[in-house]
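Text of the file work_26.tsv, holding TSV, C-alpha atoms:
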```
chain	number	residue	atom	x	y	z
A	1	MET	CA	13.38	30.49	28.89
A	2	SER	CA	15.40	27.92	30.84
A	3	LEU	CA	14.38	29.61	34.10
A	4	VAL	CA	10.71	29.60	33.07
A	5	LEU	CA	10.82	25.91	32.14
A	6	TYR	CA	12.65	25.09	35.38
A	7	GLY	CA	10.08	26.86	37.51
A	8	PHE	CA	7.22	25.25	35.59
A	9	VAL	CA	8.60	21.73	36.15
A	10	VAL	CA	9.07	22.39	39.88
A	11	LEU	CA	5.47	23.66	40.07
A	12	VAL	CA	4.01	20.78	38.02
A	13	TRP	CA	5.76	18.07	40.00
A	14	GLY	CA	5.11	19.84	43.28
A	15	LEU	CA	1.35	19.83	42.58
A	16	THR	CA	1.15	16.14	41.64
A	17	TRP	CA	1.29	15.12	45.30
A	18	ILE	CA	-1.98	16.84	46.15
A	19	ALA	CA	-3.51	15.40	42.97
A	20	ILE	CA	-2.79	11.91	44.32
A	21	LYS	CA	-4.91	12.80	47.35
A	22	TYR	CA	-7.96	13.21	45.10
A	23	GLN	CA	-7.37	9.73	43.67
A	24	LEU	CA	-8.06	8.15	47.04
A	25	GLY	CA	-11.62	7.26	47.93
A	26	GLU	CA	-14.29	5.26	46.11
A	27	VAL	CA	-12.01	3.81	43.44
A	28	PRO	CA	-9.70	0.99	44.65
A	29	MET	CA	-6.14	2.24	44.96
A	30	ALA	CA	-4.62	-0.29	42.53
A	31	ALA	CA	-7.24	0.53	39.90
A	32	SER	CA	-6.53	4.28	40.14
A	33	ILE	CA	-2.82	3.70	39.69
A	34	CYS	CA	-3.50	1.30	36.81
A	35	TYR	CA	-5.54	3.96	34.98
A	36	ARG	CA	-2.76	6.47	35.53
A	37	SER	CA	0.07	4.21	34.33
A	38	LEU	CA	-1.88	2.87	31.36
A	39	GLY	CA	-2.96	6.35	30.26
A	40	ALA	CA	0.60	7.65	30.41
A	41	ALA	CA	1.91	4.55	28.61
A	42	LEU	CA	-0.57	4.94	25.75
A	43	LEU	CA	0.27	8.62	25.33
A	44	LEU	CA	4.00	7.92	25.29
A	45	LEU	CA	3.58	5.01	22.88
A	46	GLY	CA	1.55	7.30	20.62
A	47	TYR	CA	4.35	9.87	20.76
A	48	VAL	CA	6.92	7.19	19.91
A	49	ALA	CA	4.79	6.01	16.97
A	50	ILE	CA	4.38	9.56	15.61
A	51	ARG	CA	8.11	10.18	15.89
A	52	LYS	CA	8.77	6.71	14.40
A	53	LEU	CA	11.25	5.90	17.13
A	54	PRO	CA	12.63	2.32	17.28
A	55	MET	CA	10.57	0.02	19.51
A	56	ARG	CA	12.07	-3.42	18.82
A	57	PHE	CA	14.25	-4.68	21.66
A	58	GLY	CA	15.59	-8.04	22.78
A	59	PRO	CA	14.17	-10.27	25.57
A	60	ARG	CA	16.81	-9.09	28.07
A	61	ASP	CA	15.90	-5.45	27.42
A	62	HIS	CA	12.21	-6.23	27.91
A	63	LEU	CA	13.05	-8.00	31.16
A	64	ARG	CA	14.85	-4.88	32.39
A	65	MET	CA	11.96	-2.66	31.33
A	66	ALA	CA	9.50	-4.96	33.08
A	67	LEU	CA	11.61	-4.62	36.22
A	68	ILE	CA	11.54	-0.83	35.82
A	69	GLY	CA	7.75	-1.05	35.53
A	70	THR	CA	7.59	-3.16	38.68
A	71	LEU	CA	9.83	-0.97	40.83
A	72	MET	CA	9.06	2.53	39.53
A	73	PHE	CA	5.56	2.41	38.09
A	74	SER	CA	3.64	-0.13	40.15
A	75	VAL	CA	5.06	-1.13	43.56
A	76	ASN	CA	6.44	2.36	44.08
A	77	TYR	CA	3.05	3.90	43.30
A	78	LEU	CA	1.25	1.46	45.60
A	79	PHE	CA	3.46	2.52	48.51
A	80	LEU	CA	3.05	6.22	47.67
A	81	TYR	CA	-0.73	6.11	47.46
A	82	ALA	CA	-0.91	4.08	50.67
A	83	ALA	CA	1.32	6.62	52.43
A	84	GLU	CA	-0.98	9.49	51.44
A	85	GLN	CA	-3.80	7.73	53.26
A	86	HIS	CA	-1.88	8.18	56.51
A	87	ILE	CA	0.11	11.43	56.29
A	88	PRO	CA	-0.31	14.76	54.42
A	89	SER	CA	0.82	14.78	50.79
A	90	GLY	CA	3.54	17.37	51.46
A	91	LEU	CA	5.16	15.12	54.05
A	92	VAL	CA	5.05	12.19	51.63
A	93	ALA	CA	6.91	14.35	49.09
A	94	LEU	CA	9.43	15.28	51.77
A	95	VAL	CA	10.15	11.66	52.68
A	96	PHE	CA	10.27	10.70	49.00
A	97	ALA	CA	12.95	13.35	48.46
A	98	MET	CA	15.29	10.94	50.28
A	99	THR	CA	15.47	9.14	46.93
A	100	LEU	CA	18.53	11.26	46.16
A	101	PRO	CA	20.79	9.90	48.96
A	102	LEU	CA	19.31	6.43	48.43
A	103	ASN	CA	20.39	6.65	44.79
A	104	VAL	CA	23.95	7.32	45.90
A	105	VAL	CA	23.98	4.37	48.30
A	106	ASN	CA	22.45	2.00	45.76
A	107	SER	CA	24.80	3.25	43.02
A	108	ALA	CA	27.74	2.44	45.29
A	109	ILE	CA	26.37	-1.02	46.09
A	110	PHE	CA	25.16	-2.12	42.66
A	111	LEU	CA	27.22	0.02	40.25
A	112	GLY	CA	30.44	0.43	42.20
A	113	ARG	CA	30.38	4.22	42.09
A	114	ARG	CA	32.44	6.22	44.56
A	115	VAL	CA	30.60	8.05	47.36
A	116	GLN	CA	31.77	11.63	48.00
A	117	ARG	CA	32.12	12.94	51.54
A	118	THR	CA	29.54	15.64	50.84
A	119	VAL	CA	27.10	12.86	49.96
A	120	LEU	CA	27.62	11.18	53.33
A	121	VAL	CA	27.21	14.49	55.16
A	122	GLY	CA	24.13	15.34	53.10
A	123	GLY	CA	22.57	11.96	53.83
A	124	VAL	CA	23.09	12.37	57.58
A	125	VAL	CA	21.67	15.92	57.45
A	126	GLY	CA	18.64	14.73	55.47
A	127	LEU	CA	17.91	11.81	57.80
A	128	SER	CA	18.28	14.11	60.81
A	129	GLY	CA	15.77	16.46	59.23
A	130	MET	CA	13.30	13.63	58.68
A	131	ALA	CA	13.66	12.61	62.33
A	132	MET	CA	12.86	16.19	63.39
A	133	VAL	CA	9.79	16.43	61.13
A	134	PHE	CA	8.32	13.25	62.62
A	135	TRP	CA	9.87	13.60	66.08
A	136	VAL	CA	6.65	13.30	68.09
A	137	ASP	CA	5.48	10.20	66.25
A	138	LEU	CA	8.88	8.53	66.17
A	139	ALA	CA	9.28	9.09	69.91
A	140	GLY	CA	6.22	6.88	70.44
A	141	PHE	CA	7.13	4.43	67.66
A	142	SER	CA	4.44	1.87	66.95
A	143	LEU	CA	3.52	0.06	63.76
A	144	THR	CA	-0.13	0.70	64.62
A	145	ASN	CA	0.49	4.46	64.57
A	146	THR	CA	-0.86	5.78	61.26
A	147	THR	CA	1.83	8.46	60.90
A	148	THR	CA	4.60	5.94	61.52
A	149	LEU	CA	3.04	3.61	58.97
A	150	GLY	CA	2.82	6.45	56.43
A	151	VAL	CA	6.50	7.34	56.89
A	152	ILE	CA	7.52	3.69	56.41
A	153	GLU	CA	5.38	3.39	53.28
A	154	ALA	CA	6.78	6.62	51.79
A	155	PHE	CA	10.33	5.49	52.52
A	156	CYS	CA	9.64	2.09	50.90
A	157	ALA	CA	8.35	3.98	47.84
A	158	ALA	CA	11.58	5.99	47.68
A	159	LEU	CA	13.62	2.79	48.01
A	160	CYS	CA	11.71	1.07	45.19
A	161	PHE	CA	12.08	4.13	42.98
A	162	SER	CA	15.80	4.30	43.72
A	163	LEU	CA	16.29	0.64	42.82
A	164	GLY	CA	14.33	1.31	39.65
A	165	ASN	CA	16.83	4.06	38.83
A	166	ILE	CA	19.66	1.52	39.09
A	167	VAL	CA	17.87	-0.78	36.64
A	168	SER	CA	17.21	2.21	34.37
A	169	ASP	CA	20.92	3.01	34.46
A	170	ARG	CA	21.73	-0.52	33.27
A	171	THR	CA	19.02	-0.32	30.63
A	172	GLN	CA	20.42	2.88	29.18
A	173	GLU	CA	23.92	1.38	29.18
A	174	ALA	CA	22.46	-1.45	27.10
A	175	GLY	CA	21.39	1.11	24.50
A	176	VAL	CA	17.67	1.47	25.24
A	177	PRO	CA	16.61	5.17	25.03
A	178	ILE	CA	14.88	6.78	28.02
A	179	VAL	CA	11.55	7.51	26.30
A	180	GLN	CA	11.08	3.96	24.99
A	181	SER	CA	12.14	2.36	28.27
A	182	GLU	CA	9.68	4.57	30.17
A	183	ALA	CA	6.86	3.82	27.74
A	184	TYR	CA	7.38	0.08	28.02
A	185	GLY	CA	7.98	0.37	31.77
A	186	LEU	CA	4.67	2.16	32.25
A	187	LEU	CA	2.91	-0.45	30.12
A	188	TYR	CA	4.40	-3.35	32.09
A	189	GLY	CA	3.63	-1.54	35.33
A	190	SER	CA	-0.02	-1.08	34.33
A	191	LEU	CA	-0.31	-4.82	33.57
A	192	ILE	CA	1.04	-5.66	37.02
A	193	LEU	CA	-1.36	-3.18	38.59
A	194	ALA	CA	-4.25	-4.68	36.62
A	195	VAL	CA	-3.53	-8.07	38.19
A	196	VAL	CA	-3.33	-6.50	41.67
A	197	ALA	CA	-6.58	-4.60	41.08
A	198	ALA	CA	-8.36	-7.74	39.87
A	199	PHE	CA	-7.75	-9.34	43.28
A	200	ASN	CA	-8.19	-6.17	45.36
A	201	GLY	CA	-11.46	-4.39	44.71
A	202	GLY	CA	-11.80	-4.54	40.94
A	203	PHE	CA	-11.99	-1.66	38.46
A	204	ALA	CA	-14.54	0.86	39.65
A	205	PHE	CA	-14.35	4.40	38.25
A	206	ASP	CA	-15.35	7.75	39.75
A	207	THR	CA	-16.90	10.10	37.18
A	208	GLY	CA	-16.81	13.02	39.60
A	209	LEU	CA	-14.88	16.12	38.54
A	210	PRO	CA	-12.23	16.01	41.32
A	211	TYR	CA	-11.23	12.42	40.50
A	212	VAL	CA	-11.23	12.84	36.71
A	213	ALA	CA	-9.39	16.18	36.90
A	214	ALA	CA	-6.73	14.73	39.22
A	215	LEU	CA	-6.28	11.65	37.01
A	216	THR	CA	-5.96	13.82	33.89
A	217	TYR	CA	-3.43	16.06	35.61
A	218	LEU	CA	-1.32	13.10	36.76
A	219	ILE	CA	-1.30	11.53	33.29
A	220	VAL	CA	-0.84	14.63	31.13
A	221	PHE	CA	1.14	17.01	33.31
A	222	GLY	CA	2.78	14.80	35.93
A	223	SER	CA	3.82	12.16	33.41
A	224	ILE	CA	4.03	13.54	29.89
A	225	VAL	CA	4.47	17.34	30.09
A	226	GLY	CA	6.67	17.29	33.19
A	227	PHE	CA	8.90	14.59	31.74
A	228	GLY	CA	9.21	16.28	28.35
A	229	LEU	CA	10.05	19.67	29.85
A	230	TYR	CA	12.59	18.10	32.17
A	231	LEU	CA	14.41	16.60	29.18
A	232	SER	CA	14.31	20.04	27.53
A	233	ILE	CA	15.91	21.56	30.63
A	234	ILE	CA	18.65	18.92	30.56
A	235	GLY	CA	19.35	19.89	26.95
A	236	ARG	CA	19.54	23.59	27.86
A	237	ILE	CA	21.48	23.61	31.15
A	238	GLY	CA	22.73	20.04	31.57
A	239	ALA	CA	21.72	17.17	33.84
A	240	GLN	CA	23.79	18.51	36.73
A	241	ARG	CA	21.87	21.73	37.31
A	242	ALA	CA	18.58	20.18	36.21
A	243	GLY	CA	18.89	17.71	39.08
A	244	TYR	CA	18.09	20.44	41.60
A	245	VAL	CA	14.43	20.03	40.64
A	246	THR	CA	14.39	17.09	43.08
A	247	VAL	CA	15.48	19.46	45.85
A	248	LEU	CA	12.85	22.12	45.14
A	249	PHE	CA	9.59	20.29	44.36
A	250	PRO	CA	9.02	19.14	48.01
A	251	ILE	CA	8.86	22.82	49.00
A	252	VAL	CA	5.93	23.37	46.61
A	253	ALA	CA	4.27	20.19	47.85
A	254	LEU	CA	4.58	21.31	51.46
A	255	LEU	CA	3.16	24.77	50.73
A	256	VAL	CA	0.19	23.26	48.90
A	257	SER	CA	-0.37	20.79	51.72
A	258	THR	CA	-0.38	23.66	54.21
A	259	PHE	CA	-3.16	25.56	52.43
A	260	VAL	CA	-5.21	22.68	50.98
A	261	GLU	CA	-4.91	20.00	53.67
A	262	GLY	CA	-4.44	22.32	56.63
A	263	TYR	CA	-1.10	20.85	57.65
A	264	SER	CA	-0.05	22.48	60.92
A	265	TRP	CA	3.64	23.38	61.20
A	266	THR	CA	5.72	23.06	64.35
A	267	GLY	CA	9.19	24.40	65.03
A	268	TYR	CA	10.62	20.88	64.73
A	269	ALA	CA	8.84	20.25	61.44
A	270	LEU	CA	10.03	23.53	59.90
A	271	ALA	CA	13.63	22.96	60.97
A	272	GLY	CA	13.48	19.36	59.76
A	273	ALA	CA	12.13	20.36	56.34
A	274	VAL	CA	14.99	22.84	55.94
A	275	LEU	CA	17.53	20.15	56.89
A	276	ILE	CA	16.09	17.70	54.34
A	277	VAL	CA	16.32	20.27	51.54
A	278	VAL	CA	19.86	21.26	52.60
A	279	GLY	CA	20.87	17.60	52.85
A	280	ASN	CA	19.64	16.90	49.33
A	281	ALA	CA	21.48	19.95	48.03
A	282	LEU	CA	24.70	18.68	49.66
A	283	VAL	CA	24.21	15.26	48.09
A	284	ASN	CA	23.90	16.96	44.72
A	285	THR	CA	26.96	19.22	45.01
A	286	ARG	CA	30.63	18.65	44.19
A	287	PRO	CA	33.00	19.07	47.18
A	288	GLU	CA	35.19	21.56	45.27
A	289	THR	CA	32.10	23.52	44.22
A	290	LEU	CA	30.90	23.62	47.82
A	291	ARG	CA	34.25	25.02	48.94
A	292	ARG	CA	34.11	27.66	46.20
A	293	LEU	CA	30.54	28.55	47.16
A	294	LEU	CA	31.37	28.93	50.84
A	295	PHE	CA	34.62	30.85	50.49
A	296	ARG	CA	34.41	32.61	47.14
A	297	GLY	CA	30.75	32.50	46.11
A	298	GLY	CA	29.32	30.92	42.98
A	299	ALA	CA	26.60	28.63	41.73
A	300	PRO	CA	26.70	25.05	43.08
A	301	GLU	CA	27.03	22.14	40.70
A	302	PRO	CA	26.12	18.52	41.45
A	303	SER	CA	28.79	15.88	41.89
A	304	PRO	CA	29.90	14.15	38.66
A	305	ASP	CA	29.26	10.83	40.37
A	306	VAL	CA	25.54	11.52	40.37
A	307	GLU	CA	25.12	13.00	36.87
A	308	ASP	CA	24.06	9.77	35.16
A	309	ARG	CA	21.82	8.95	38.09
A	310	LEU	CA	20.09	12.32	37.84
A	311	VAL	CA	19.17	11.69	34.21
A	312	ASP	CA	17.62	8.38	35.24
A	313	GLN	CA	15.82	9.94	38.17
A	314	GLY	CA	14.47	12.66	35.91
A	315	SER	CA	12.99	10.04	33.61
A	316	GLY	CA	11.16	8.50	36.47
A	317	SER	CA	10.37	11.40	38.67
A	318	GLY	CA	8.14	13.01	36.07
A	319	THR	CA	6.01	9.94	36.03
A	320	VAL	CA	5.94	9.22	39.70
A	321	ARG	CA	4.72	12.55	40.84
```
Take the structure in this file and express it as structure tokens.
Amino acid sequence: MSLVLYGFVVLVWGLTWIAIKYQLGEVPMAASICYRSLGAALLLLGYVAIRKLPMRFGPRDHLRMALIGTLMFSVNYLFLYAAEQHIPSGLVALVFAMTLPLNVVNSAIFLGRRVQRTVLVGGVVGLSGMAMVFWVDLAGFSLTNTTTLGVIEAFCAALCFSLGNIVSDRTQEAGVPIVQSEAYGLLYGSLILAVVAAFNGGFAFDTGLPYVAALTYLIVFGSIVGFGLYLSIIGRIGAQRAGYVTVLFPIVALLVSTFVEGYSWTGYALAGAVLIVVGNALVNTRPETLRRLLFRGGAPEPSPDVEDRLVDQGSGSGTVR
């Protein structure tokens, strides 16, 4: 059952990237994201009310949750949706996978957590892979180049999401449960997006099947079902092994992008994608476990320094994708 749930979460989150593509078009970008965040917030708040979970928190907790909403559920989304206007959805997912090494760097800066050598090696491998994927465009670097702009926007999204994870870490340390902090974060994020939408195109809505189906998928599966199943996986196999979801979902996104968007692979792109996945796996693996895997065989386990961070990332990643 754990394997089935694991594969389902990887599939669900891998498909959310192509769903974002169908949100782009007639409806202003900020409005689409507002609908998505608000819909997910209302569903989560309904779940909290049915379960009668505590929802009263102090002003400082609300400030942290508002910051989570800003970084993870509004600004992050704006960068992601903008990036998908310039590069294929699978490549956006690939760049966004750099959240994992960014989490390690930000945890060291803001939380004082030690950085393992495997993390440094994994980060270098991942960045090298990204350079290979976008080698042609980076060689002719220009801010007017749409691919370059898309890569920058996707990386900014990953950075915002990573900083949001740091705030989420602090929020959980303060005693605010993940589900409540996400519900409030989504609500605050939707309010911010409503303000942005009011000054950037208004609140049009597309009643066409592709738009409505994609929006429903992002709210129900990307946000609620994916998040709930991920928490179930953590309960079954632990946060360490569950964290490998972040390594695997870009593969699904790239495969979907290949068949749906017609993304054309090159030798550099294929090698770079492999390096990014390997780099993320290294970031997520204990040094002693890596040695055992290489010389004796065995299943890799993530570094203990990233365990808390993976729980936070799981709480956000279900909603972002």
For A:Val256, list every protein, DNA or RNA residue within 12 Å, evaluated using all atoms listed in the file, and leave out those in the same chain fewer than 5 positions away; present the list as a list in words.
Leu11, Val12, Trp13, Gly14, Leu15, Thr16, Trp17, Ile18, Ala19, Lys21, Pro88, Ser89, Gly90, Leu91, Ala93, Phe249, Pro250, Ile251, Glu261, Gly262 and Tyr263 of chain A
Neighbouring residues of A:Ala273 were defined as those with any atom within 7 Å, considering all atoms listed in the file; residues of the same chain fewer than 4 positions away were excluded. Please report them as a PyMOL selection string.
chain A and resi 129+133+269+277
Report, in Å to a single decimal, how far apart atom CA of A:Leu45 and atom CA of A:Thr70 are.
18.2 Å
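Computed from the coordinates, the atom CA of A:Cys156 to atom CA of A:Phe203 distance equals 25.2 Å.
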Distance query A:Asp206 at most 7 Å, all atoms listed in the file, self and fewer than 3 positions along chain excluded, as a list of chain:residue names
A:Glu26, A:Val27, A:Tyr211
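Considering the residues A:Ile33, A:Ile109, A:Leu63, A:Leu44 and counting all atoms listed in the file, A:Leu78 has its shortest atom-to-atom contact with A:Ile33.
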So how far away is atom CA of A:Ala174 from atom CA of A:Met98, in Å?
27.2 Å
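Of the listed residues A:Ala158, A:Leu102, A:Ala66, A:Ala83, the one whose atoms come nearest to A:Thr146 is A:Ala83, with distances taken using all atoms listed in the file.
Surrounding stretch 37-40 of chain A within 8 Å are Ile33, Cys34, Leu43, Leu44, Phe73, Ala183, Leu186, Leu187, Gly189, Ser190, Ile219, Val220, Ser223 and Ile224 of chain A, with only C-alpha atoms counted and residues fewer than 3 positions along the same chain left out.
Residue nearest A:Asn103, chosen from A:Val196, A:Ala253, A:Ile166, A:Leu3 and counting all atoms listed in the file: A:Ile166.
Counting only C-alpha atoms and comparing A:Cys160, A:Tyr184, A:Ser168, A:Leu282, the residue that lies closest to A:Val75 is A:Cys160.
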Write out as a ChimeraX atom specification which residues come within 12 Å of A:Val176 when counting all atoms listed in the file, dropping same-chain ones fewer than 3 positions away.
/A:53-58,60-62,64-65,167-173,179-185
Looking at A:Leu215, A:Ile68, A:Ala131, A:Leu255, which one is nearest to A:Leu163, with distances taken over all atoms listed in the file?
A:Ile68
Between A:Trp265, A:Leu67, A:Ile152, A:Val283, which has the minimum distance to A:Val105 (counting all atoms listed in the file)?
A:Val283
